[in-house]
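Only one structure is covered here, and it is reproduced in the block below.
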Amino acid sequence: MNAPTSLIEQSRFNMVEQQIRPANVFDSAVLDAMLSLPRENFVPERYKNLAFSDIEIPLEVNGIDTHETMLAPKLEARLAQELQLKPSDATLEIGTGSGFQAALLSRLCTQVLSIEIDTHIAAFAKENLQREKISNVNVEIGDGRTGWGSAEFNAILVTGSLPNIPDSLKYQLAIGGRLVAVVGQAPAMTAVRITRTTAASFETETLFETCIKPLSGTTVSHFKF
């Protein structure tokens, strides 16, 4: 690994070595992508100084608070790792955000289709991806909570939490495909990986505990017994 040559590169290097590796991210392809992608170019202007911090960053678009956030870098990296992507995979992402997670996935697979419900956020993500000349990510606008279109994917990533995973989303996996999502309600949420093992059966693995904002548009029940 080459020595950092600037303050930004040193900050990026420290992010990987002090945040991402200790979060059990050891996949060399993921680490290399985190080291080479300019995360600072996906962060809203007023928060650029926080681009490598171990926090969620507010997504402010043209001075408007969208009430959405970029995930912390270590979680972006861990989610990407848990998809177990192969270079030939096609990936569906639900929740585009700044476009950085899609950019990360684009380094690990052949094609990413990313669905964003908020038109302002989608425009921000497209601008960021185009600026970085990332051509294997397509951003489409809509509600992807229950899936998108009729194509099957080798991998699906949901970037906001869900109370449960709809069957319609699971059935968009190709056989052998993996879906990674955070399931539950705050403060108890769990990242899971669902693998489609046959046409009609799925295997679910518990990965780690975390807590992130609900996927935009998802209704969270506050009913208590």
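Numbering starts fresh at 1 for the residues of each chain in the structure tokens, the chains themselves are lettered A, B, ... in the order given, and ligands are numbered from 1 as they appear.
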Running DSSP on the backbone, which parts of segment 51-175 of chain A land in helix (DSSP H, G or I), as JSON, numbers by chain? {"A": [73, 74, 75, 76, 77, 78, 79, 80, 81, 82, 100, 101, 102, 103, 104, 105, 106, 119, 120, 121, 122, 123, 124, 125, 126, 127, 128, 129, 130, 131, 167, 168, 169, 170]}
Restricting the output to C-alpha atoms, write the selected residues as a CSV table (one decimal), in the first residue's frame.
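Now in out39.csv:
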```csv
chain,number,residue,atom,x,y,z
A,73,PRO,CA,-17.9,4.7,6.1
A,74,LYS,CA,-17.4,1.5,8.1
A,75,LEU,CA,-21.0,0.5,7.6
A,76,GLU,CA,-20.8,1.2,3.8
A,77,ALA,CA,-17.8,-1.0,3.6
A,78,ARG,CA,-19.2,-3.8,5.7
A,79,LEU,CA,-22.5,-3.9,3.8
A,80,ALA,CA,-20.5,-4.1,0.5
A,81,GLN,CA,-18.4,-6.9,1.9
A,82,GLU,CA,-21.4,-8.9,3.1
A,100,PHE,CA,-21.2,6.7,-2.8
A,101,GLN,CA,-22.5,3.3,-1.8
A,102,ALA,CA,-23.4,2.6,-5.5
A,103,ALA,CA,-20.0,3.9,-6.5
A,104,LEU,CA,-18.4,1.4,-4.1
A,105,LEU,CA,-20.5,-1.5,-5.4
A,106,SER,CA,-19.6,-0.5,-9.0
A,119,THR,CA,-36.0,13.3,-6.7
A,120,HIS,CA,-33.6,15.9,-5.2
A,121,ILE,CA,-31.3,13.1,-3.7
A,122,ALA,CA,-31.4,11.2,-7.0
A,123,ALA,CA,-30.2,14.3,-8.9
A,124,PHE,CA,-27.4,14.8,-6.4
A,125,ALA,CA,-26.3,11.2,-6.7
A,126,LYS,CA,-26.4,11.3,-10.5
A,127,GLU,CA,-24.3,14.4,-10.5
A,128,ASN,CA,-21.7,12.9,-8.2
A,129,LEU,CA,-21.5,9.7,-10.2
A,130,GLN,CA,-21.2,11.5,-13.5
A,131,ARG,CA,-18.5,13.8,-12.1
A,167,ASP,CA,-41.1,-11.6,-0.2
A,168,SER,CA,-41.3,-9.7,-3.5
A,169,LEU,CA,-37.8,-8.3,-2.9
A,170,LYS,CA,-36.4,-11.7,-2.0
```
Write out as a list in words the residues lying within 8 Å of Gln185 of chain A, counting only C-alpha atoms and excluding same-chain residues fewer than 4 positions away. Ser161, Leu162, Pro163, Met189 and Val220 of chain A
For the residues in that selection, give me N, CA, C and O atoms as a PDB file, in the first residue's frame.
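To be explicit, this is the file written out as out-v5.pdb:
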```pdb
ATOM      1  N   SER A 161     -33.136   0.853   6.973  1.00  0.00           N
ATOM      2  CA  SER A 161     -33.682  -0.296   7.696  1.00  0.00           C
ATOM      3  C   SER A 161     -35.126  -0.575   7.273  1.00  0.00           C
ATOM      4  O   SER A 161     -35.851   0.305   6.813  1.00  0.00           O
ATOM      5  N   LEU A 162     -35.532  -1.829   7.448  1.00  0.00           N
ATOM      6  CA  LEU A 162     -36.888  -2.283   7.148  1.00  0.00           C
ATOM      7  C   LEU A 162     -37.436  -3.019   8.364  1.00  0.00           C
ATOM      8  O   LEU A 162     -36.686  -3.714   9.050  1.00  0.00           O
ATOM      9  N   PRO A 163     -38.747  -2.922   8.635  1.00  0.00           N
ATOM     10  CA  PRO A 163     -39.315  -3.714   9.729  1.00  0.00           C
ATOM     11  C   PRO A 163     -39.278  -5.207   9.412  1.00  0.00           C
ATOM     12  O   PRO A 163     -39.148  -6.041  10.298  1.00  0.00           O
ATOM     13  N   MET A 189     -31.696  -3.415  15.918  1.00  0.00           N
ATOM     14  CA  MET A 189     -31.704  -3.769  14.503  1.00  0.00           C
ATOM     15  C   MET A 189     -30.566  -4.732  14.208  1.00  0.00           C
ATOM     16  O   MET A 189     -29.519  -4.690  14.862  1.00  0.00           O
ATOM     17  N   VAL A 220     -43.075   2.731  10.023  1.00  0.00           N
ATOM     18  CA  VAL A 220     -42.627   1.992  11.206  1.00  0.00           C
ATOM     19  C   VAL A 220     -43.748   1.988  12.219  1.00  0.00           C
ATOM     20  O   VAL A 220     -44.293   3.032  12.590  1.00  0.00           O
TER      21      VAL A 220
END
```
Which of A:Trp148, A:Phe153, A:Phe26, A:Phe13 sits closest to Arg39 of chain A [using only C-alpha atoms]: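 Nearest to Arg39 of chain A: A:Phe13.
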Atom pair atom CA of Val43 of chain A + atom CA of Ala188 of chain A, distance 27.8 Å
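Counting from atom CA of Thr210 of chain A, the distance to atom CA of Arg178 of chain A is 19.1 Å.
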Which of A:Arg12, A:Leu108, A:Asp89, A:Leu37 sits closest to Ala174 of chain A [using only C-alpha atoms]: A:Asp89
Strand (DSSP E or B) call set, DSSP backbone run, segment 49-189 of chain A, as an mmCIF file with N, CA and C atoms, in the first residue's frame:
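This went into states.cif:
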```cif
data_model
loop_
_atom_site.group_PDB
_atom_site.id
_atom_site.type_symbol
_atom_site.label_atom_id
_atom_site.label_comp_id
_atom_site.auth_asym_id
_atom_site.auth_seq_id
_atom_site.Cartn_x
_atom_site.Cartn_y
_atom_site.Cartn_z
ATOM 1 N N ILE A 57 -23.577 11.383 7.819
ATOM 2 C CA ILE A 57 -23.489 12.770 7.367
ATOM 3 C C ILE A 57 -24.822 13.190 6.757
ATOM 4 N N PRO A 58 -25.393 14.326 7.209
ATOM 5 C CA PRO A 58 -26.667 14.785 6.644
ATOM 6 C C PRO A 58 -26.567 15.015 5.135
ATOM 7 N N LEU A 59 -27.611 14.590 4.423
ATOM 8 C CA LEU A 59 -27.670 14.833 2.983
ATOM 9 C C LEU A 59 -28.427 16.143 2.745
ATOM 10 N N GLU A 60 -27.668 17.185 2.576
ATOM 11 C CA GLU A 60 -28.217 18.505 2.284
ATOM 12 C C GLU A 60 -28.000 18.764 0.805
ATOM 13 N N VAL A 61 -29.078 18.985 0.077
ATOM 14 C CA VAL A 61 -28.990 19.163 -1.374
ATOM 15 C C VAL A 61 -29.472 20.564 -1.728
ATOM 16 N N ILE A 64 -31.125 22.374 0.980
ATOM 17 C CA ILE A 64 -32.341 21.764 1.529
ATOM 18 C C ILE A 64 -31.970 20.525 2.331
ATOM 19 N N ASP A 65 -32.447 20.463 3.559
ATOM 20 C CA ASP A 65 -32.227 19.279 4.390
ATOM 21 C C ASP A 65 -33.223 18.207 3.960
ATOM 22 N N THR A 66 -32.715 17.117 3.431
ATOM 23 C CA THR A 66 -33.591 16.046 2.944
ATOM 24 C C THR A 66 -34.020 15.103 4.068
ATOM 25 N N HIS A 67 -33.439 15.292 5.253
ATOM 26 C CA HIS A 67 -33.698 14.429 6.415
ATOM 27 C C HIS A 67 -33.172 13.006 6.195
ATOM 28 N N GLU A 68 -32.277 12.858 5.216
ATOM 29 C CA GLU A 68 -31.593 11.581 4.988
ATOM 30 C C GLU A 68 -30.109 11.773 5.283
ATOM 31 N N THR A 69 -29.391 10.676 5.399
ATOM 32 C CA THR A 69 -27.962 10.749 5.723
ATOM 33 C C THR A 69 -27.155 9.764 4.886
ATOM 34 N N MET A 70 -25.850 10.044 4.758
ATOM 35 C CA MET A 70 -24.896 9.049 4.287
ATOM 36 C C MET A 70 -24.567 8.142 5.473
ATOM 37 N N ALA A 90 -24.668 -8.593 -11.216
ATOM 38 C CA ALA A 90 -25.536 -7.421 -11.382
ATOM 39 C C ALA A 90 -26.206 -7.167 -10.033
ATOM 40 N N THR A 91 -26.183 -5.913 -9.594
ATOM 41 C CA THR A 91 -26.638 -5.568 -8.241
ATOM 42 C C THR A 91 -27.763 -4.542 -8.280
ATOM 43 N N LEU A 92 -28.764 -4.747 -7.428
ATOM 44 C CA LEU A 92 -29.840 -3.785 -7.221
ATOM 45 C C LEU A 92 -29.630 -3.122 -5.866
ATOM 46 N N GLU A 93 -29.623 -1.803 -5.850
ATOM 47 C CA GLU A 93 -29.519 -1.051 -4.598
ATOM 48 C C GLU A 93 -30.815 -0.280 -4.381
ATOM 49 N N ILE A 94 -31.400 -0.423 -3.195
ATOM 50 C CA ILE A 94 -32.612 0.317 -2.850
ATOM 51 C C ILE A 94 -32.214 1.436 -1.898
ATOM 52 N N GLN A 111 -22.498 -4.248 -12.839
ATOM 53 C CA GLN A 111 -23.554 -3.267 -13.070
ATOM 54 C C GLN A 111 -24.353 -3.047 -11.798
ATOM 55 N N VAL A 112 -24.693 -1.789 -11.522
ATOM 56 C CA VAL A 112 -25.522 -1.440 -10.366
ATOM 57 C C VAL A 112 -26.732 -0.656 -10.856
ATOM 58 N N LEU A 113 -27.919 -1.110 -10.474
ATOM 59 C CA LEU A 113 -29.140 -0.346 -10.672
ATOM 60 C C LEU A 113 -29.570 0.158 -9.302
ATOM 61 N N SER A 114 -29.619 1.482 -9.133
ATOM 62 C CA SER A 114 -29.913 2.066 -7.831
ATOM 63 C C SER A 114 -31.223 2.847 -7.902
ATOM 64 N N ILE A 115 -32.103 2.594 -6.934
ATOM 65 C CA ILE A 115 -33.433 3.193 -6.918
ATOM 66 C C ILE A 115 -33.535 4.191 -5.762
ATOM 67 N N GLU A 116 -33.948 5.412 -6.071
ATOM 68 C CA GLU A 116 -34.055 6.467 -5.064
ATOM 69 C C GLU A 116 -35.438 7.111 -5.140
ATOM 70 N N VAL A 137 -23.278 2.521 -13.172
ATOM 71 C CA VAL A 137 -24.363 2.715 -12.204
ATOM 72 C C VAL A 137 -25.493 3.472 -12.895
ATOM 73 N N ASN A 138 -26.692 2.929 -12.833
ATOM 74 C CA ASN A 138 -27.881 3.623 -13.322
ATOM 75 C C ASN A 138 -28.759 3.975 -12.130
ATOM 76 N N VAL A 139 -29.142 5.249 -12.034
ATOM 77 C CA VAL A 139 -30.023 5.702 -10.952
ATOM 78 C C VAL A 139 -31.414 5.930 -11.534
ATOM 79 N N GLU A 140 -32.411 5.296 -10.935
ATOM 80 C CA GLU A 140 -33.794 5.488 -11.350
ATOM 81 C C GLU A 140 -34.601 5.977 -10.147
ATOM 82 N N ILE A 141 -35.653 6.751 -10.434
ATOM 83 C CA ILE A 141 -36.453 7.370 -9.377
ATOM 84 C C ILE A 141 -37.722 6.562 -9.139
ATOM 85 N N PHE A 153 -31.514 -10.357 -9.853
ATOM 86 C CA PHE A 153 -30.193 -9.801 -9.569
ATOM 87 C C PHE A 153 -29.365 -10.786 -8.767
ATOM 88 N N ASN A 154 -28.055 -10.701 -8.941
ATOM 89 C CA ASN A 154 -27.140 -11.542 -8.155
ATOM 90 C C ASN A 154 -27.004 -11.028 -6.731
ATOM 91 N N ALA A 155 -27.280 -9.734 -6.548
ATOM 92 C CA ALA A 155 -27.158 -9.139 -5.214
ATOM 93 C C ALA A 155 -28.129 -7.980 -5.091
ATOM 94 N N ILE A 156 -28.681 -7.808 -3.882
ATOM 95 C CA ILE A 156 -29.562 -6.685 -3.580
ATOM 96 C C ILE A 156 -29.107 -6.097 -2.242
ATOM 97 N N LEU A 157 -28.942 -4.769 -2.220
ATOM 98 C CA LEU A 157 -28.596 -4.075 -0.979
ATOM 99 C C LEU A 157 -29.669 -3.044 -0.665
ATOM 100 N N VAL A 158 -30.183 -3.086 0.563
ATOM 101 C CA VAL A 158 -31.135 -2.077 1.031
ATOM 102 C C VAL A 158 -30.388 -1.172 2.007
ATOM 103 N N SER A 161 -33.136 0.853 6.973
ATOM 104 C CA SER A 161 -33.682 -0.296 7.696
ATOM 105 C C SER A 161 -35.126 -0.575 7.273
ATOM 106 N N LEU A 162 -35.532 -1.829 7.448
ATOM 107 C CA LEU A 162 -36.888 -2.283 7.148
ATOM 108 C C LEU A 162 -37.436 -3.019 8.364
ATOM 109 N N LEU A 173 -34.043 -12.021 -6.339
ATOM 110 C CA LEU A 173 -32.715 -12.631 -6.351
ATOM 111 C C LEU A 173 -32.666 -13.772 -7.359
ATOM 112 N N ALA A 174 -31.585 -13.833 -8.117
ATOM 113 C CA ALA A 174 -31.310 -15.037 -8.895
ATOM 114 C C ALA A 174 -30.949 -16.154 -7.923
ATOM 115 N N ILE A 175 -31.067 -17.399 -8.349
ATOM 116 C CA ILE A 175 -30.652 -18.503 -7.483
ATOM 117 C C ILE A 175 -29.156 -18.359 -7.191
ATOM 118 N N GLY A 176 -28.819 -18.399 -5.912
ATOM 119 C CA GLY A 176 -27.449 -18.134 -5.485
ATOM 120 C C GLY A 176 -27.208 -16.678 -5.137
ATOM 121 N N GLY A 177 -28.200 -15.825 -5.406
ATOM 122 C CA GLY A 177 -28.068 -14.399 -5.132
ATOM 123 C C GLY A 177 -28.199 -14.082 -3.647
ATOM 124 N N ARG A 178 -27.622 -12.942 -3.232
ATOM 125 C CA ARG A 178 -27.613 -12.524 -1.825
ATOM 126 C C ARG A 178 -28.280 -11.162 -1.664
ATOM 127 N N LEU A 179 -29.113 -11.055 -0.653
ATOM 128 C CA LEU A 179 -29.733 -9.792 -0.270
ATOM 129 C C LEU A 179 -29.232 -9.415 1.118
ATOM 130 N N VAL A 180 -28.742 -8.196 1.272
ATOM 131 C CA VAL A 180 -28.282 -7.712 2.577
ATOM 132 C C VAL A 180 -29.130 -6.516 2.968
ATOM 133 N N ALA A 181 -29.667 -6.559 4.184
ATOM 134 C CA ALA A 181 -30.517 -5.478 4.679
ATOM 135 C C ALA A 181 -30.421 -5.425 6.195
ATOM 136 N N VAL A 182 -30.796 -4.273 6.741
ATOM 137 C CA VAL A 182 -30.873 -4.092 8.192
ATOM 138 C C VAL A 182 -32.350 -4.167 8.576
ATOM 139 N N VAL A 183 -32.678 -5.070 9.487
ATOM 140 C CA VAL A 183 -34.068 -5.360 9.815
ATOM 141 C C VAL A 183 -34.329 -5.078 11.292
ATOM 142 N N GLY A 184 -35.505 -4.511 11.577
ATOM 143 C CA GLY A 184 -35.898 -4.270 12.959
ATOM 144 C C GLY A 184 -36.313 -2.835 13.186
ATOM 145 N N GLN A 185 -36.519 -2.481 14.442
ATOM 146 C CA GLN A 185 -36.869 -1.126 14.834
ATOM 147 C C GLN A 185 -35.882 -0.659 15.901
ATOM 148 N N ALA A 188 -33.072 -1.787 18.378
ATOM 149 C CA ALA A 188 -32.625 -3.166 18.138
ATOM 150 C C ALA A 188 -32.779 -3.530 16.662
ATOM 151 N N MET A 189 -31.696 -3.415 15.918
ATOM 152 C CA MET A 189 -31.704 -3.769 14.503
ATOM 153 C C MET A 189 -30.566 -4.732 14.208
#
```
Separation of atom CA of Asn62 of chain A from atom CA of Ser98 of chain A, in Å and rounded to one decimal: 12.8 Å
Of the candidates A:Glu152, A:Asp54, A:Glu203, A:Asp118, which one gets nearest to Gln19 of chain A if we count only C-alpha atoms? A:Asp54
For Pro87 of chain A, which residue among A:Leu71, A:Met34, A:Leu50, A:Ala29 is the nearest when counting only C-alpha atoms?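 Residue with the minimum atom-to-atom distance to Pro87 of chain A: A:Ala29.
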Which one is closest to Phe208 of chain A: A:Arg193, A:Lys86, A:Arg145, A:Arg107? Count only C-alpha atoms.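 Closest candidate: A:Arg193.
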